[in-house]
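The block underneath contains the structure these notes are about, expressed in structure tokens.
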Amino acid sequence: MSDSGMRLLRKVLTILPFVQRNQGIRVSELATLTGIPEAEIVRDLPDLVNLCGVPPYSPMDLVDLAVEGDRVTIRFADAYRRPVRLTLREALALEMALSGWEKEREGPFRNAVRAIREKVRRACSPEVAKSMEQASERIVAAPPPGLAGRMVGVLKDALARQREVTLTYFSRSQGRLSRRVVRPYGIYEQRGHWYAVAFDTEKKRLRTFRADRIKDAGTTGRDYEIPEEFDVAAFRREEPPEPEAGATEVLLRFEEEAARFAEEGFPAQEKKRFADGSLRAVVRTGGRAWIISELLRWGARVMVESPPDVVADLVDRARRTLERYGRRAE
Amino acid sequence: MLNLLTALLSSRHPMATAEILAHVAGYSDDASIPARQKRLDRDKVALRRLGVPLQFVPEDEYGRSGYRVARERFFLDEIRFSMEEGIVLAALQRGLGEGDALSDDLRSALMKIAVDSPLSEALRESVSEQQVLDPRQSPARKEEGRRLAVMAEAVAALRPVRFSYYALGTGEERIRTVEPWGMGYADGHWYLVGRDVDRQEERVFRTDRVRGKVELLPPGGYRVPRTFRLFARVGRKPWEMKEGAGRMVRIRFVPEVAWMIAENLREGQTFAADPDGSGVLTLRATDPRALVGWVAQFGPDAEILSPPSLRSLLVAHLEALVGRYGG
């Protein structure tokens with residue numbers, strides 16, 4: 001049997017018991033849960049399962065899965081009242097997803113994660129349970145360290161309860177701490193940093209806050225609601241934390257070894273490798289402090305081709321840093 | 001095949017081959033007996049691959065022989081989750097990617113374990129479900145999800161793997177054979193740690209630098225060294241990557257940023273605060289050049305105090321930068 005056929009059969013074995021427990025489930029919801037497109041559920045799923053059953057195959061011996069309107073129901077699937085045990089790969093995928101959650105030092109979901117793991121292991125075959133246990137020691141996701149880990153916990157808690165929080169936050173562009181009253185809408189991780197997307201009640205707009213720059217957090221005791229149309233995945237795509245959105249267009253050129261590293265790791269909107277091995281990148285950003293600090297890190301390994309005012313700011317900040325080391329600007 | 005499984009699950013006795021060929025839809029057609037027998041053999045293999053505990057019973061208490069499925073080993077035991085646990089599962093569900101093998105595995109695992117709990121409502125209503133995203137579940141690319149699934153299996157089952165790897169430092173792509181010891185996620189990437197069989201050395205591989213498929217090799221009978229500690233290997237900063245004892249480095253930070261350094265210390269780092277809010281970070285670096293880049297990005301907000309050689313390196317780094325613009 002082909003791989004795709006096997007995958008489909010595996011999905012069917014999961015769907016049959018699930019629909020029995022959730023009679024009348026919406027097609028759209030089943031599509032989200034199974035990863036099978038809605039059109040295929042409506043068109044192919046009944047054909048696939050409805051000819052199945054037990055000898056002598058009278059109508060009541062045959063599975064009867066029906067899609068009426070946008071609802072799915074099932075009858076005569078007694079052989080499949082329970083889902084099949086987890087395969088090793090499913091168990092490991094779960095283990096990988098849960099690892100990291102448990103390690104959060106003060107995360108509110110830490111105990112929940114532990115309980116899930118325990119329950120799942122008890123319900124698995126002994127071999128799979130043993131592999132899960134071994135894997136939990138050898139497949140691990142690092143927790144965000146220190147303060148960032150604590151703040152991610154605070155933010156998740158605020159989000160779960162929809163309770164407004166006050167943040168003492170370090171803004172890199174202003175170079176100082178300020179106090180914000182915010183309503184967290186979402187939390188995500190990117191390139192090793194955790195961020196909260198939150199509505200800033202003073203600025204009246206959504207902003208992104210990096211967890212390890214939150215010095216302190218408290219609650220105002222006020223509740224809020226998250227607009228239904230908000231989607232954290234879409235927000236992350238459209239307004240990534242780095243580079244901060246903005247209109248300044250910075251043209252960069254990297255050469256040789258630096259070009260290789262920049263190709264993989266420099267957060268630019270556009271990158272192009274040339275035949276001579278060099279790489280040109282375009283960064284559009286409003287985060288002046290961010291781009292200057294990034295350029296200081298790369299040093300002479302990158303050439304800023306334009307604009308001149310970014311070059312001037314960069315050279316100025318490099319000179320002021322050199323002064324700390326007793327170097328006078330020429 | 002689903003008919004075969006349904007018949008076996010519903011039958012109270014072991015089903016003989018002849019009985020299956022005579023009665024079960026999909027095998028009871030007009031084709032020749034050897035052809036139908038071949039079909040049955042093929043499906044038996046497929047069912048076993050799917051994890052179905054298909055057994056041949058030579059003789060039961062009534063003297064009947066044939067195939068049966070051990071129901072108690074086939075179905076998942078009942079699991080009930082609390083609301084809070086449901087929220088965590090819902091958050092995992094939300095973070096799923098599309099169409100990669102790892103997400104597919106996780107998706108079906110979640111559906112199976114959630115079947116006994118009234119989670120659908122929680123799924124629909126909980127907020128955190130909607131809004132906590134963790135890219136660990138949604139690899140950037142389809143192939144990476146498949147690679148991670150294979151590597152996790154290799155780590156769990158102690159099986160060697162072979163893959164083509166792009167080494168960023170040299171820019172070269174080579175075939176590597178590795179005995180995996182562990183896998184870890186840190187700073188936005190998954191890493192595989194193990195013994196590189198050809199180089200006979202411990203190595204760390206960033207999984208998104210693997211090109212093409214990961215081949216799972218037969219068990220090689222290797223062991224994970226007792227002294228192995230995953231996080232001594234994964235999650236290292238660029239200045240900790242080289243081997244050797246390295247040097248202790250002291251860096252002063254101005255008050256505006258010092259608190260952030262103090263609050264986010266890593267293992268082995270210390271911080272001494274001064275009354276004015278500034279402070280000195282002490283850390284060990286095995287790759288001084290990489291550390292210079294990290295310190296430089298703070299501009300005048302950070303100053304390397306010692307050793308002098310590292311101060312000189314930082315000065316050279318910045319003077320070269322200024323020099324590029326004719327300063």
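Starting from 1 in every chain, residues are counted up; chains themselves are A, B, ... following the order of the structure tokens, and ligands are numbered from 1 as listed.
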
Compile the contact shell of Arg203 in chain B as number ranges by chain: residues with an atom at most 6 Å away, counting only C-alpha atoms, same-chain residues fewer than 4 positions apart removed. B: 193-195

Keeping only N, CA, C and O atoms, write those residues as a PDB file, in the first residue's frame.
ATOM      1  N   VAL B 193      22.374  15.789  18.475  1.00  0.00           N
ATOM      2  CA  VAL B 193      23.719  15.565  19.006  1.00  0.00           C
ATOM      3  C   VAL B 193      24.010  14.077  18.957  1.00  0.00           C
ATOM      4  O   VAL B 193      23.146  13.256  19.289  1.00  0.00           O
ATOM      5  N   GLY B 194      25.220  13.730  18.538  1.00  0.00           N
ATOM      6  CA  GLY B 194      25.564  12.320  18.510  1.00  0.00           C
ATOM      7  C   GLY B 194      27.003  12.124  18.084  1.00  0.00           C
ATOM      8  O   GLY B 194      27.762  13.095  17.950  1.00  0.00           O
ATOM      9  N   ARG B 195      27.342  10.868  17.860  1.00  0.00           N
ATOM     10  CA  ARG B 195      28.710  10.554  17.447  1.00  0.00           C
ATOM     11  C   ARG B 195      28.752  10.455  15.929  1.00  0.00           C
ATOM     12  O   ARG B 195      28.000   9.689  15.331  1.00  0.00           O
TER      13      ARG B 195
END

Env of Leu279 in chain A: 12 Å cut, atoms = only C-alpha atoms, seq-sep filter 5 positions within chain, self excluded. Answer as a PDB file with N, CA and C atoms, in the first residue's frame.
ATOM      1  N   LEU A 251      20.333  49.362   2.376  1.00  0.00           N
ATOM      2  CA  LEU A 251      20.953  48.422   1.421  1.00  0.00           C
ATOM      3  C   LEU A 251      22.289  47.930   1.966  1.00  0.00           C
ATOM      4  N   LEU A 252      22.453  46.606   2.023  1.00  0.00           N
ATOM      5  CA  LEU A 252      23.657  46.046   2.613  1.00  0.00           C
ATOM      6  C   LEU A 252      24.365  45.114   1.645  1.00  0.00           C
ATOM      7  N   ARG A 253      25.699  45.036   1.784  1.00  0.00           N
ATOM      8  CA  ARG A 253      26.446  44.075   0.990  1.00  0.00           C
ATOM      9  C   ARG A 253      27.379  43.262   1.894  1.00  0.00           C
ATOM     10  N   PHE A 254      27.267  41.960   1.787  1.00  0.00           N
ATOM     11  CA  PHE A 254      28.124  41.054   2.543  1.00  0.00           C
ATOM     12  C   PHE A 254      29.027  40.318   1.573  1.00  0.00           C
ATOM     13  N   GLU A 255      30.268  40.028   1.999  1.00  0.00           N
ATOM     14  CA  GLU A 255      31.160  39.318   1.085  1.00  0.00           C
ATOM     15  C   GLU A 255      31.657  37.994   1.660  1.00  0.00           C
ATOM     16  N   GLU A 256      31.976  37.078   0.729  1.00  0.00           N
ATOM     17  CA  GLU A 256      32.605  35.790   1.057  1.00  0.00           C
ATOM     18  C   GLU A 256      31.958  35.076   2.234  1.00  0.00           C
ATOM     19  N   GLU A 257      32.777  34.797   3.280  1.00  0.00           N
ATOM     20  CA  GLU A 257      32.277  34.008   4.402  1.00  0.00           C
ATOM     21  C   GLU A 257      31.069  34.669   5.044  1.00  0.00           C
ATOM     22  N   ALA A 258      31.143  35.993   5.218  1.00  0.00           N
ATOM     23  CA  ALA A 258      30.039  36.716   5.856  1.00  0.00           C
ATOM     24  C   ALA A 258      28.751  36.541   5.055  1.00  0.00           C
ATOM     25  N   ALA A 259      28.879  36.440   3.726  1.00  0.00           N
ATOM     26  CA  ALA A 259      27.696  36.283   2.876  1.00  0.00           C
ATOM     27  C   ALA A 259      26.961  34.989   3.213  1.00  0.00           C
ATOM     28  N   ARG A 260      27.731  33.936   3.463  1.00  0.00           N
ATOM     29  CA  ARG A 260      27.115  32.645   3.822  1.00  0.00           C
ATOM     30  C   ARG A 260      26.340  32.745   5.129  1.00  0.00           C
ATOM     31  N   PHE A 261      26.987  33.358   6.115  1.00  0.00           N
ATOM     32  CA  PHE A 261      26.330  33.479   7.413  1.00  0.00           C
ATOM     33  C   PHE A 261      25.093  34.375   7.331  1.00  0.00           C
ATOM     34  N   ALA A 262      25.225  35.465   6.563  1.00  0.00           N
ATOM     35  CA  ALA A 262      24.110  36.404   6.458  1.00  0.00           C
ATOM     36  C   ALA A 262      22.935  35.783   5.709  1.00  0.00           C
ATOM     37  N   GLU A 263      23.251  34.951   4.741  1.00  0.00           N
ATOM     38  CA  GLU A 263      22.190  34.313   3.966  1.00  0.00           C
ATOM     39  C   GLU A 263      21.289  33.507   4.892  1.00  0.00           C
ATOM     40  N   GLU A 264      21.921  32.834   5.856  1.00  0.00           N
ATOM     41  CA  GLU A 264      21.134  32.013   6.777  1.00  0.00           C
ATOM     42  C   GLU A 264      20.527  32.838   7.903  1.00  0.00           C
ATOM     43  N   PHE A 266      20.694  36.623   8.663  1.00  0.00           N
ATOM     44  CA  PHE A 266      20.373  38.049   8.772  1.00  0.00           C
ATOM     45  C   PHE A 266      18.910  38.300   8.423  1.00  0.00           C
ATOM     46  N   ALA A 268      16.552  40.042   6.859  1.00  0.00           N
ATOM     47  CA  ALA A 268      16.258  41.088   5.870  1.00  0.00           C
ATOM     48  C   ALA A 268      15.046  40.658   5.048  1.00  0.00           C
ATOM     49  N   GLU A 270      14.693  41.185   1.814  1.00  0.00           N
ATOM     50  CA  GLU A 270      15.149  40.654   0.519  1.00  0.00           C
ATOM     51  C   GLU A 270      16.623  40.292   0.608  1.00  0.00           C
ATOM     52  N   LYS A 271      16.984  39.152   0.009  1.00  0.00           N
ATOM     53  CA  LYS A 271      18.392  38.772  -0.046  1.00  0.00           C
ATOM     54  C   LYS A 271      18.678  38.198  -1.416  1.00  0.00           C
ATOM     55  N   LYS A 272      19.831  38.554  -1.966  1.00  0.00           N
ATOM     56  CA  LYS A 272      20.190  37.971  -3.251  1.00  0.00           C
ATOM     57  C   LYS A 272      21.674  37.658  -3.290  1.00  0.00           C
ATOM     58  N   ARG A 273      21.993  36.432  -3.656  1.00  0.00           N
ATOM     59  CA  ARG A 273      23.392  36.003  -3.771  1.00  0.00           C
ATOM     60  C   ARG A 273      23.875  36.268  -5.183  1.00  0.00           C
ATOM     61  N   PHE A 274      25.093  36.766  -5.342  1.00  0.00           N
ATOM     62  CA  PHE A 274      25.639  37.015  -6.669  1.00  0.00           C
ATOM     63  C   PHE A 274      26.721  36.005  -7.017  1.00  0.00           C
ATOM     64  N   ARG A 301      32.342  43.333   8.423  1.00  0.00           N
ATOM     65  CA  ARG A 301      31.964  42.228   7.533  1.00  0.00           C
ATOM     66  C   ARG A 301      30.761  42.578   6.654  1.00  0.00           C
ATOM     67  N   VAL A 302      30.158  43.738   6.932  1.00  0.00           N
ATOM     68  CA  VAL A 302      29.049  44.176   6.088  1.00  0.00           C
ATOM     69  C   VAL A 302      29.308  45.619   5.669  1.00  0.00           C
ATOM     70  N   MET A 303      28.890  45.958   4.447  1.00  0.00           N
ATOM     71  CA  MET A 303      29.027  47.331   3.955  1.00  0.00           C
ATOM     72  C   MET A 303      27.619  47.901   3.792  1.00  0.00           C
TER      73      MET A 303
END

Determine, counting only C-alpha atoms, which protein, DNA and RNA residues have an atom within 7 Å of an atom of range 143-156 of chain B; residues of the same chain fewer than 6 positions away are not included. Present the result as a compact mmCIF listing (two decimals) with C-alpha atoms, in the first residue's frame.
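Okay, this is what ended up in part17.txt:
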# COMPACT_ATOMS: atom_id res chain seq x y z
CA ARG A 89 6.06 8.50 15.98
CA LEU A 92 7.35 11.19 20.04
CA ALA A 93 5.71 14.10 18.24
CA SER A 131 10.32 5.11 24.38
CA GLN A 134 13.59 7.69 27.26
CA ALA A 135 12.86 10.39 24.74
CA ASP B 100 4.61 18.06 7.27
CA ALA B 101 5.15 14.65 8.81
CA LEU B 102 5.77 15.87 12.35
CA SER B 103 2.60 17.96 12.39
CA PRO B 180 22.18 10.00 17.78
CA TRP B 181 22.41 10.59 21.53
CA GLY B 182 19.82 13.31 21.94
CA ASP B 208 17.66 22.93 9.26
CA LYS B 213 16.06 12.96 3.44
CA VAL B 214 17.29 11.45 6.69
CA LEU B 216 17.12 5.59 9.32

If you count only C-alpha atoms, the residue of B:Asp187, B:Glu267, B:Glu59, B:Asp104 closest to chain A turns out to be B:Asp187

| said: I want to know what sits within 12 Å of Asp30 in chain B, based on only C-alpha atoms, with residues of the same chain fewer than 6 positions away left out; could you give that as a PyMOL selection string? | reply: chain B and resi 21-22+36

Selected residues, N, CA, C and O atoms, written as a short mmCIF file (atom, residue, chain, number, x, y, z; two decimals), in the first residue's frame, please.
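Produced file result-v5.cif, reproduced below:
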data_model
loop_
_atom_site.label_atom_id
_atom_site.label_comp_id
_atom_site.auth_asym_id
_atom_site.auth_seq_id
_atom_site.Cartn_x
_atom_site.Cartn_y
_atom_site.Cartn_z
N LEU B 21 -11.03 -15.48 2.76
CA LEU B 21 -11.16 -15.48 1.30
C LEU B 21 -12.59 -15.75 0.87
O LEU B 21 -13.03 -15.31 -0.19
N ALA B 22 -13.35 -16.48 1.68
CA ALA B 22 -14.72 -16.81 1.31
C ALA B 22 -15.70 -15.69 1.62
O ALA B 22 -16.67 -15.48 0.89
N ARG B 36 -5.86 -13.89 -4.70
CA ARG B 36 -6.52 -13.32 -3.51
C ARG B 36 -5.66 -13.52 -2.27
O ARG B 36 -5.59 -12.67 -1.39
#

*asked:* If we count only C-alpha atoms and set the cut-off at 9 Å, which residues sit around Gly277 in chain B, ignoring sequence neighbours fewer than 5 positions away in its own chain? Please answer as a list in words.
replied: Val254, Pro255, Glu256, Ala258 and Trp259 of chain B

Write out the residues from the selection above, keeping N, CA and C atoms, as a JSON list (two decimals), in the first residue's frame.
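Writing done, so here's again.json:
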[["chain", "number", "residue", "atom", "x", "y", "z"],
["B", 254, "VAL", "N", 26.05, 49.63, 31.42],
["B", 254, "VAL", "CA", 25.46, 50.83, 32.03],
["B", 254, "VAL", "C", 24.11, 50.46, 32.65],
["B", 255, "PRO", "N", 23.61, 51.28, 33.58],
["B", 255, "PRO", "CA", 22.38, 50.91, 34.31],
["B", 255, "PRO", "C", 21.18, 50.61, 33.39],
["B", 256, "GLU", "N", 21.07, 51.32, 32.27],
["B", 256, "GLU", "CA", 19.89, 51.14, 31.39],
["B", 256, "GLU", "C", 19.75, 49.70, 30.91],
["B", 258, "ALA", "N", 21.90, 47.04, 32.29],
["B", 258, "ALA", "CA", 22.51, 46.09, 33.24],
["B", 258, "ALA", "C", 21.47, 45.15, 33.86],
["B", 259, "TRP", "N", 20.29, 45.68, 34.20],
["B", 259, "TRP", "CA", 19.26, 44.83, 34.84],
["B", 259, "TRP", "C", 18.87, 43.66, 33.95]]

Q. Using only C-alpha atoms, which residues sit within 8 Å of Phe205 in chain B once same-chain residues fewer than 5 positions away are excluded, as a list in words?
A. Tyr191, Leu192, Val193 and Val210 of chain B

Go ahead and save the residues from that selection, with C-alpha atoms, as a compact mmCIF listing (two decimals), in the first residue's frame.
# COMPACT_ATOMS: atom_id res chain seq x y z
CA TYR B 191 19.73 20.28 17.13
CA LEU B 192 20.76 16.65 16.87
CA VAL B 193 23.72 15.56 19.01
CA VAL B 210 20.37 18.93 6.78

Non-local contacts of Glu38 in chain A (10 Å; only C-alpha atoms; under 3 positions in same chain excluded) as an MDAnalysis selection string: chainID A and resid 26:32 34:35 41:44 70

Could those selected residues go to a file with C-alpha atoms, as a short mmCIF file (atom, residue, chain, number, x, y, z; two decimals), in the first residue's frame?
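Result file selection-v2.cif:
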data_model
loop_
_atom_site.label_atom_id
_atom_site.label_comp_id
_atom_site.auth_asym_id
_atom_site.auth_seq_id
_atom_site.Cartn_x
_atom_site.Cartn_y
_atom_site.Cartn_z
CA ARG A 26 -19.00 20.51 11.66
CA VAL A 27 -17.08 19.67 8.49
CA SER A 28 -14.86 22.71 9.00
CA GLU A 29 -13.93 21.61 12.51
CA LEU A 30 -13.19 18.07 11.43
CA ALA A 31 -11.01 19.49 8.66
CA THR A 32 -9.00 21.54 11.18
CA THR A 34 -7.65 16.01 10.93
CA GLY A 35 -5.78 18.14 8.43
CA ILE A 41 -14.23 15.05 3.75
CA VAL A 42 -17.45 15.77 1.88
CA ARG A 43 -16.51 13.97 -1.34
CA ASP A 44 -14.24 11.05 -0.42
CA ASP A 70 -22.15 21.03 7.19
#

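Here CA of Val283 in chain A is placed at a distance of 17.1 Å from CA of Arg236 in chain A.
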
CA of Tyr195 in chain A sits from CA of Tyr169 in chain A at a separation of 12.4 Å

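Of the residues under consideration (A:Met6, A:Met151, A:Ala234, A:Ile36), A:Met6 shows the shortest atom-to-atom contact distance to Val45 in chain B when counting only C-alpha atoms.
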
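Among B:Ala18, B:Ile251, B:Ala262, B:Met111, the residue with the shortest atom-to-atom distance to Arg21 in chain A, counting only C-alpha atoms, is B:Met111.
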
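When only C-alpha atoms are used to measure the gap to chain B, the shortest distance among A:Ile74, A:Ile187, A:Val310, A:Leu62 belongs to A:Ile187.
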
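Restricting the calculation to only C-alpha atoms, the smallest distance between chain A and any of B:Val57, B:Ala290, B:Ala70, B:Ala7 is found for B:Ala7.
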
From a DSSP calculation on the backbone, collect every residue of range 48-238 of chain A in strand (DSSP E or B) and output the set as a short mmCIF file (atom, residue, chain, number, x, y, z; two decimals) with N, CA and C atoms, in the first residue's frame.
data_model
loop_
_atom_site.label_atom_id
_atom_site.label_comp_id
_atom_site.auth_asym_id
_atom_site.auth_seq_id
_atom_site.Cartn_x
_atom_site.Cartn_y
_atom_site.Cartn_z
N GLY A 53 -17.53 -3.02 6.46
CA GLY A 53 -18.37 -3.58 7.50
C GLY A 53 -17.99 -5.01 7.73
N LEU A 62 -22.91 -2.41 7.80
CA LEU A 62 -22.02 -1.50 7.07
C LEU A 62 -21.94 -0.15 7.78
N ASP A 64 -22.02 3.62 8.34
CA ASP A 64 -22.85 4.60 7.65
C ASP A 64 -22.42 6.00 8.10
N LEU A 65 -21.55 6.61 7.31
CA LEU A 65 -21.09 7.96 7.62
C LEU A 65 -21.79 8.92 6.67
N ALA A 66 -22.43 9.93 7.25
CA ALA A 66 -23.21 10.84 6.41
C ALA A 66 -22.77 12.28 6.63
N VAL A 67 -22.68 13.02 5.53
CA VAL A 67 -22.45 14.46 5.62
C VAL A 67 -23.73 15.14 5.17
N GLU A 68 -24.41 15.78 6.12
CA GLU A 68 -25.66 16.49 5.76
C GLU A 68 -25.47 17.94 6.11
N ARG A 71 -22.71 19.14 8.62
CA ARG A 71 -22.54 18.28 9.80
C ARG A 71 -22.23 16.84 9.41
N VAL A 72 -21.40 16.20 10.22
CA VAL A 72 -21.03 14.81 9.95
C VAL A 72 -21.57 13.90 11.06
N THR A 73 -22.23 12.81 10.66
CA THR A 73 -22.70 11.84 11.65
C THR A 73 -22.28 10.44 11.20
N ILE A 74 -22.34 9.50 12.15
CA ILE A 74 -21.92 8.14 11.80
C ILE A 74 -22.78 7.13 12.56
N ARG A 75 -23.08 5.99 11.89
CA ARG A 75 -23.80 4.88 12.53
C ARG A 75 -23.12 3.57 12.15
N VAL A 84 -7.18 3.89 17.95
CA VAL A 84 -6.06 2.97 18.01
C VAL A 84 -4.96 3.59 18.87
N ILE A 139 15.24 14.10 24.37
CA ILE A 139 14.73 15.09 23.42
C ILE A 139 14.14 16.22 24.25
N VAL A 140 14.84 17.33 24.29
CA VAL A 140 14.44 18.38 25.21
C VAL A 140 14.47 19.74 24.54
N ALA A 141 13.51 20.56 24.88
CA ALA A 141 13.53 21.93 24.42
C ALA A 141 13.90 22.82 25.61
N ARG A 163 -6.81 39.06 31.56
CA ARG A 163 -6.66 40.04 32.62
C ARG A 163 -5.56 41.01 32.22
N GLU A 164 -5.89 42.30 32.22
CA GLU A 164 -4.94 43.35 31.82
C GLU A 164 -3.67 43.34 32.69
N VAL A 165 -2.51 43.65 32.12
CA VAL A 165 -1.28 43.69 32.91
C VAL A 165 -0.54 45.02 32.72
N THR A 166 0.24 45.38 33.75
CA THR A 166 1.13 46.53 33.61
C THR A 166 2.54 45.99 33.43
N LEU A 167 3.25 46.56 32.48
CA LEU A 167 4.61 46.12 32.22
C LEU A 167 5.59 47.27 32.46
N THR A 168 6.73 46.95 33.05
CA THR A 168 7.84 47.89 33.04
C THR A 168 8.75 47.37 31.93
N TYR A 169 8.80 48.13 30.83
CA TYR A 169 9.39 47.59 29.62
C TYR A 169 10.55 48.44 29.12
N PHE A 170 11.60 47.77 28.67
CA PHE A 170 12.75 48.47 28.10
C PHE A 170 12.56 48.59 26.60
N SER A 171 12.46 49.82 26.15
CA SER A 171 12.34 50.04 24.72
C SER A 171 13.72 50.30 24.15
N ARG A 176 15.34 53.31 27.21
CA ARG A 176 14.99 53.45 28.62
C ARG A 176 13.73 52.64 28.96
N LEU A 177 13.49 52.54 30.29
CA LEU A 177 12.32 51.80 30.78
C LEU A 177 11.09 52.70 30.78
N SER A 178 9.95 52.11 30.47
CA SER A 178 8.71 52.87 30.64
C SER A 178 7.61 51.94 31.08
N ARG A 179 6.53 52.53 31.58
CA ARG A 179 5.45 51.74 32.13
C ARG A 179 4.31 51.65 31.12
N ARG A 180 3.83 50.46 30.84
CA ARG A 180 2.74 50.30 29.86
C ARG A 180 1.63 49.48 30.48
N VAL A 181 0.41 49.84 30.16
CA VAL A 181 -0.73 49.01 30.54
C VAL A 181 -1.19 48.31 29.26
N VAL A 182 -1.12 46.98 29.26
CA VAL A 182 -1.37 46.27 28.00
C VAL A 182 -2.34 45.09 28.18
N ARG A 183 -2.95 44.71 27.07
CA ARG A 183 -3.85 43.55 27.03
C ARG A 183 -3.26 42.51 26.10
N PRO A 184 -2.64 41.47 26.64
CA PRO A 184 -2.01 40.47 25.77
C PRO A 184 -3.04 39.74 24.88
N TYR A 185 -2.76 39.73 23.59
CA TYR A 185 -3.62 39.01 22.63
C TYR A 185 -2.99 37.69 22.21
N GLY A 186 -1.67 37.63 22.26
CA GLY A 186 -1.01 36.41 21.78
C GLY A 186 0.44 36.34 22.22
N ILE A 187 0.98 35.13 22.24
CA ILE A 187 2.39 34.93 22.60
C ILE A 187 3.01 34.01 21.57
N TYR A 188 4.23 34.32 21.16
CA TYR A 188 4.88 33.39 20.25
C TYR A 188 6.39 33.41 20.46
N GLU A 189 7.04 32.44 19.86
CA GLU A 189 8.48 32.33 19.95
C GLU A 189 9.05 32.44 18.56
N GLN A 190 10.14 33.17 18.43
CA GLN A 190 10.78 33.28 17.12
C GLN A 190 12.28 33.45 17.29
N HIS A 193 13.60 33.84 20.79
CA HIS A 193 13.06 34.83 21.72
C HIS A 193 11.55 34.69 21.79
N TRP A 194 11.01 34.98 23.00
CA TRP A 194 9.57 34.96 23.18
C TRP A 194 9.01 36.37 23.11
N TYR A 195 7.87 36.50 22.43
CA TYR A 195 7.24 37.81 22.27
C TYR A 195 5.78 37.75 22.66
N ALA A 196 5.29 38.89 23.16
CA ALA A 196 3.84 39.02 23.38
C ALA A 196 3.32 40.07 22.42
N VAL A 197 2.20 39.77 21.77
CA VAL A 197 1.50 40.79 21.01
C VAL A 197 0.42 41.31 21.94
N ALA A 198 0.43 42.60 22.23
CA ALA A 198 -0.53 43.13 23.20
C ALA A 198 -1.03 44.49 22.76
N PHE A 199 -2.26 44.77 23.15
CA PHE A 199 -2.85 46.07 22.86
C PHE A 199 -2.35 47.05 23.92
N ASP A 200 -1.67 48.12 23.45
CA ASP A 200 -1.14 49.13 24.35
C ASP A 200 -2.27 50.13 24.60
N ARG A 205 -2.86 50.92 20.20
CA ARG A 205 -2.62 50.02 19.08
C ARG A 205 -1.83 48.78 19.54
N LEU A 206 -1.79 47.78 18.65
CA LEU A 206 -1.08 46.54 18.99
C LEU A 206 0.41 46.75 18.88
N ARG A 207 1.15 46.21 19.86
CA ARG A 207 2.60 46.30 19.82
C ARG A 207 3.18 44.95 20.20
N THR A 208 4.44 44.76 19.81
CA THR A 208 5.11 43.51 20.15
C THR A 208 6.12 43.77 21.28
N PHE A 209 6.07 42.95 22.32
CA PHE A 209 6.97 43.10 23.46
C PHE A 209 7.83 41.85 23.60
N ARG A 210 9.14 42.06 23.77
CA ARG A 210 10.02 40.90 23.93
C ARG A 210 10.10 40.55 25.40
N ILE A 214 11.07 42.72 29.61
CA ILE A 214 10.06 43.13 30.59
C ILE A 214 10.71 43.01 31.96
N LYS A 215 10.86 44.14 32.63
CA LYS A 215 11.54 44.10 33.92
C LYS A 215 10.59 43.63 35.01
N ASP A 216 9.34 44.02 34.88
CA ASP A 216 8.40 43.76 35.96
C ASP A 216 6.99 43.72 35.38
N ALA A 217 6.12 42.94 36.00
CA ALA A 217 4.74 42.89 35.52
C ALA A 217 3.79 42.74 36.69
N GLY A 218 2.64 43.39 36.57
CA GLY A 218 1.61 43.26 37.60
C GLY A 218 0.27 43.28 36.91
N THR A 219 -0.79 43.15 37.70
CA THR A 219 -2.10 43.15 37.05
C THR A 219 -2.90 44.37 37.50
N THR A 220 -3.77 44.86 36.61
CA THR A 220 -4.63 45.98 36.97
C THR A 220 -5.95 45.47 37.53
N GLY A 221 -6.19 44.18 37.36
CA GLY A 221 -7.46 43.62 37.83
C GLY A 221 -8.59 43.79 36.82
N ARG A 222 -8.32 44.49 35.72
CA ARG A 222 -9.37 44.69 34.73
C ARG A 222 -9.37 43.56 33.70
N ASP A 223 -10.55 43.16 33.27
CA ASP A 223 -10.67 42.14 32.23
C ASP A 223 -10.75 42.80 30.85
#

Pairwise distance, CA of Arg122 in chain A with CA of Phe18 in chain A, equals 20.4 Å
